[in-house]
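Peer 1: I am attaching a structure below and will ask some questions about it afterwards.
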Amino acid sequence: MEIKKIGNRGTLFTFFDLGMPTNVYTINGNRYIFIIDTYLGPDSMKEIQTYIDREYGNKQLIIVNTHNHWDHVWGNCFFSSEPIIAHKLCKDLMINYGKEALDEQKDYVRGNVTLEYPNIVITDEILFEEDRVRIFHTPGHSDDGLSVLDLEDKVLFAGDNLERPIPFITSIHLDKYVRTLEGYLDLEVDIVIGGHTSCEDKQIIRDNLSYVRSMMSGDTKRY
């Protein structure tokens, strides 16, 4: 695992077990500590909890699932007593398909994984004013996507909506994906992080937007 400090209050934890980088991001807010995505299970989250206890102190945790895919939610069970925020569709998809994914990908579990579903679901957005953290619906890679904006550090964590070299798309609603990416460009952010990317600037948004628009037009030859 690689640990990188971001801005004044963010920490990026990057794991490499899957043969590609996969990120968990934390924000040390004024009132809450936000943990965004939970990777492959409780063993991975123990490392992050140890870091939080040492560096952040004793605050209430808020867990956020950016979407339902197994490589971002299996660690939920480590935080079963904490608030876990996700889009309503994310919870529905986890209930309907989570067991199947766990059976199919069981070789990747880290620790004793049991499926823990989000216990706070949203359909639009939620703003933690005291912490200056905005969590909002951003369909794209999948229809249940959430993104997290740190308004103080000007950091956007976009989940799997942003990838290199091109985005991996599981949704058929490309028009919504375009609107999400266009909305990202309107945000006042300096650092942009995807679920499997390094820290970047807004160029990754422009590059992904160009690809999705090319898909809509049926012309992706240059990719």
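In the structure tokens, chains take letters A, B, ... by order of appearance, with residues numbered from 1 within each chain and ligands from 1 in the order shown.
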Taking the DSSP assignment computed from this structure's backbone, write out as a PyMOL selection string all residues of region 15-191 of chain A that belong to strand (DSSP E).

Peer 2: chain A and resi 15+22-28+32-36+60-64+84-87+120-122+125-128+133-137+146-150+155-157+191

Peer 1: Can you write just those residues out, N, CA and C atoms, as a compact mmCIF listing (two decimals), in the first residue's frame?

Peer 2:
```txt
# COMPACT_ATOMS: atom_id res chain seq x y z
N PHE A 15 -3.73 0.78 -3.30
CA PHE A 15 -3.43 -0.64 -3.21
C PHE A 15 -3.12 -1.19 -4.60
N THR A 22 -5.66 0.84 -7.02
CA THR A 22 -7.04 1.04 -6.58
C THR A 22 -7.00 1.90 -5.32
N ASN A 23 -7.81 2.95 -5.32
CA ASN A 23 -7.69 3.99 -4.30
C ASN A 23 -8.79 3.96 -3.25
N VAL A 24 -8.38 4.30 -2.04
CA VAL A 24 -9.27 4.68 -0.95
C VAL A 24 -8.81 6.07 -0.53
N TYR A 25 -9.75 6.98 -0.34
CA TYR A 25 -9.40 8.36 0.00
C TYR A 25 -10.05 8.75 1.31
N THR A 26 -9.31 9.46 2.14
CA THR A 26 -9.88 9.94 3.39
C THR A 26 -9.75 11.45 3.49
N ILE A 27 -10.73 12.06 4.14
CA ILE A 27 -10.73 13.50 4.41
C ILE A 27 -10.90 13.70 5.91
N ASN A 28 -9.97 14.38 6.51
CA ASN A 28 -10.05 14.68 7.94
C ASN A 28 -10.81 15.99 8.12
N TYR A 32 -16.18 15.25 11.06
CA TYR A 32 -16.15 13.85 10.67
C TYR A 32 -14.87 13.51 9.92
N ILE A 33 -14.53 12.22 9.92
CA ILE A 33 -13.52 11.67 9.03
C ILE A 33 -14.25 10.88 7.95
N PHE A 34 -14.03 11.25 6.71
CA PHE A 34 -14.70 10.60 5.59
C PHE A 34 -13.75 9.56 4.98
N ILE A 35 -14.26 8.34 4.82
CA ILE A 35 -13.52 7.27 4.16
C ILE A 35 -14.27 6.92 2.89
N ILE A 36 -13.61 7.13 1.75
CA ILE A 36 -14.29 6.98 0.46
C ILE A 36 -13.80 5.70 -0.20
N GLN A 60 -15.97 10.83 14.63
CA GLN A 60 -16.95 9.98 13.98
C GLN A 60 -16.54 9.72 12.52
N LEU A 61 -16.65 8.48 12.08
CA LEU A 61 -16.36 8.12 10.69
C LEU A 61 -17.62 8.21 9.85
N ILE A 62 -17.45 8.63 8.61
CA ILE A 62 -18.49 8.56 7.59
C ILE A 62 -17.90 7.79 6.42
N ILE A 63 -18.53 6.67 6.05
CA ILE A 63 -18.06 5.85 4.93
C ILE A 63 -18.88 6.22 3.69
N VAL A 64 -18.22 6.31 2.55
CA VAL A 64 -18.90 6.60 1.29
C VAL A 64 -18.54 5.53 0.27
N ILE A 84 -22.82 4.46 6.44
CA ILE A 84 -22.28 4.14 5.11
C ILE A 84 -23.21 4.76 4.07
N ILE A 85 -22.71 5.76 3.37
CA ILE A 85 -23.51 6.52 2.42
C ILE A 85 -23.29 6.00 1.00
N ALA A 86 -24.36 5.85 0.25
CA ALA A 86 -24.28 5.48 -1.16
C ALA A 86 -25.54 5.96 -1.86
N HIS A 87 -25.52 5.89 -3.17
CA HIS A 87 -26.75 6.16 -3.92
C HIS A 87 -27.71 5.00 -3.69
N ILE A 120 -27.29 4.57 4.67
CA ILE A 120 -27.82 5.89 4.34
C ILE A 120 -27.77 6.02 2.83
N VAL A 121 -28.93 6.14 2.20
CA VAL A 121 -28.96 6.22 0.74
C VAL A 121 -29.48 7.59 0.31
N ILE A 122 -28.91 8.10 -0.77
CA ILE A 122 -29.32 9.39 -1.31
C ILE A 122 -29.66 9.21 -2.78
N GLU A 125 -27.89 14.63 -3.61
CA GLU A 125 -26.64 14.99 -2.98
C GLU A 125 -26.85 15.30 -1.51
N ILE A 126 -25.74 15.35 -0.78
CA ILE A 126 -25.76 15.72 0.62
C ILE A 126 -24.52 16.58 0.88
N LEU A 127 -24.72 17.67 1.63
CA LEU A 127 -23.63 18.59 1.92
C LEU A 127 -23.38 18.60 3.42
N PHE A 128 -22.14 18.31 3.80
CA PHE A 128 -21.72 18.43 5.18
C PHE A 128 -21.08 19.81 5.33
N VAL A 133 -17.72 19.35 2.80
CA VAL A 133 -17.65 18.15 1.96
C VAL A 133 -19.00 17.94 1.30
N ARG A 134 -18.97 17.82 -0.02
CA ARG A 134 -20.18 17.61 -0.81
C ARG A 134 -20.13 16.22 -1.44
N ILE A 135 -21.19 15.45 -1.27
CA ILE A 135 -21.31 14.12 -1.86
C ILE A 135 -22.50 14.16 -2.81
N PHE A 136 -22.28 13.82 -4.09
CA PHE A 136 -23.35 14.05 -5.06
C PHE A 136 -23.38 12.97 -6.14
N HIS A 137 -24.58 12.77 -6.69
CA HIS A 137 -24.82 11.72 -7.69
C HIS A 137 -24.17 12.10 -9.00
N LEU A 146 -21.40 8.00 -7.19
CA LEU A 146 -21.31 9.19 -6.34
C LEU A 146 -19.89 9.73 -6.45
N SER A 147 -19.76 11.05 -6.37
CA SER A 147 -18.47 11.70 -6.28
C SER A 147 -18.42 12.50 -4.99
N VAL A 148 -17.20 12.76 -4.53
CA VAL A 148 -17.00 13.50 -3.29
C VAL A 148 -16.10 14.69 -3.58
N LEU A 149 -16.57 15.87 -3.18
CA LEU A 149 -15.84 17.11 -3.41
C LEU A 149 -15.43 17.71 -2.07
N ASP A 150 -14.11 17.86 -1.88
CA ASP A 150 -13.60 18.56 -0.72
C ASP A 150 -13.50 20.03 -1.10
N VAL A 155 -10.40 19.31 -3.90
CA VAL A 155 -10.08 17.97 -4.39
C VAL A 155 -11.37 17.27 -4.76
N LEU A 156 -11.41 16.69 -5.97
CA LEU A 156 -12.55 15.88 -6.42
C LEU A 156 -12.13 14.42 -6.45
N PHE A 157 -12.87 13.57 -5.74
CA PHE A 157 -12.71 12.12 -5.87
C PHE A 157 -13.89 11.61 -6.67
N ILE A 191 -7.21 19.34 -7.80
CA ILE A 191 -6.75 17.95 -7.83
C ILE A 191 -7.93 17.05 -8.13
```

Peer 1: Kindly provide the residues of region 143-203 of chain A that approach region 69-82 of chain A to within 12 Å, each paired with its closest atom pair and their distance in Å to one decimal, based on only C-alpha atoms, listed by chain and increasing number, as JSON lines.

Peer 2:
```
{"residue": "A:Asp143", "atom": "CA", "partner": "A:His69", "partner_atom": "CA", "distance": 11.4}
{"residue": "A:Asp144", "atom": "CA", "partner": "A:His69", "partner_atom": "CA", "distance": 10.0}
{"residue": "A:Gly145", "atom": "CA", "partner": "A:His69", "partner_atom": "CA", "distance": 10.2}
{"residue": "A:Gly159", "atom": "CA", "partner": "A:His72", "partner_atom": "CA", "distance": 9.0}
{"residue": "A:Asp160", "atom": "CA", "partner": "A:His69", "partner_atom": "CA", "distance": 9.6}
{"residue": "A:Thr170", "atom": "CA", "partner": "A:His69", "partner_atom": "CA", "distance": 10.5}
{"residue": "A:Gly194", "atom": "CA", "partner": "A:His72", "partner_atom": "CA", "distance": 11.9}
{"residue": "A:Gly195", "atom": "CA", "partner": "A:His72", "partner_atom": "CA", "distance": 8.4}
{"residue": "A:His196", "atom": "CA", "partner": "A:His72", "partner_atom": "CA", "distance": 10.5}
```

Peer 1: Take CA of Thr50 (chain A) and CA of Glu163 (chain A) and report the distance between them in Å, one decimal.

Peer 2: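 The value is 28.7 Å.
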
Peer 1: Can you measure CA of Cys90 (chain A) to CA of Ser44 (chain A) for me? One decimal in Å is fine.

Peer 2: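 So the two atoms, CA of Cys90 (chain A) and CA of Ser44 (chain A), lie 21.5 Å apart.
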
Peer 1: What is the CA of Ile95 (chain A)-CA of His141 (chain A) distance in Å, reported with one decimal?

Peer 2: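 Rounded to one decimal, the two atoms are 19.2 Å apart.
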
Peer 1: Write out as a list in words each polymer residue whose atoms come within 9 Å of Tyr108 (chain A), counting only C-alpha atoms; drop sequence neighbours fewer than 5 positions from it.

Peer 2: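 Within the cut-off, the hits are Asp17, Leu18, Leu40, Gly41, Asp71 and Leu102 of chain A.
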
Peer 1: Give the alpha helix (DSSP H) residues of region 52-223 of chain A, as DSSP finds them on the backbone, and put them as a ChimeraX atom specification.

Peer 2: /A:52-55,88-104,174-185,203-217

Peer 1: Would you mind telling me which residue in A:Tyr51, A:Val212, A:Gly29, A:Val192 lies nearest to Phe13 (chain A) when using only C-alpha atoms?

Peer 2: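 So, comparing all the options, the nearest one is A:Tyr51.
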
Peer 1: Using only C-alpha atoms, which of A:Lys88, A:Glu47, A:Thr138, A:Thr38 sits nearest Glu2 (chain A)?

Peer 2: A:Glu47

Peer 1: Give me, as a JSON list (two decimals) with C-alpha atoms, in the first residue's frame, all polymer residues having an atom no more than 9 Å from Glu188 (chain A), counting only C-alpha atoms and skipping those fewer than 4 positions away in the same chain.

Peer 2:
```
[["chain", "number", "residue", "atom", "x", "y", "z"],
["A", 151, "LEU", "CA", -14.52, 22.23, -0.99],
["A", 154, "LYS", "CA", -10.44, 21.71, -3.84],
["A", 155, "VAL", "CA", -10.08, 17.97, -4.39],
["A", 184, "TYR", "CA", -16.90, 18.20, -13.23]]
```

Peer 1: Find, counting only C-alpha atoms, the residue in A:Asp92, A:Asp53, A:Asp207, A:Asp219 that gets nearest to Pro167 (chain A).

Peer 2: A:Asp207

Peer 1: Using only C-alpha atoms, which protein or nucleic acid residues come within 8 Å of Ile205 (chain A)? Drop anything in the same chain fewer than 6 positions from it, and give the result as a ChimeraX atom specification.

Peer 2: /A:162,181,184-185
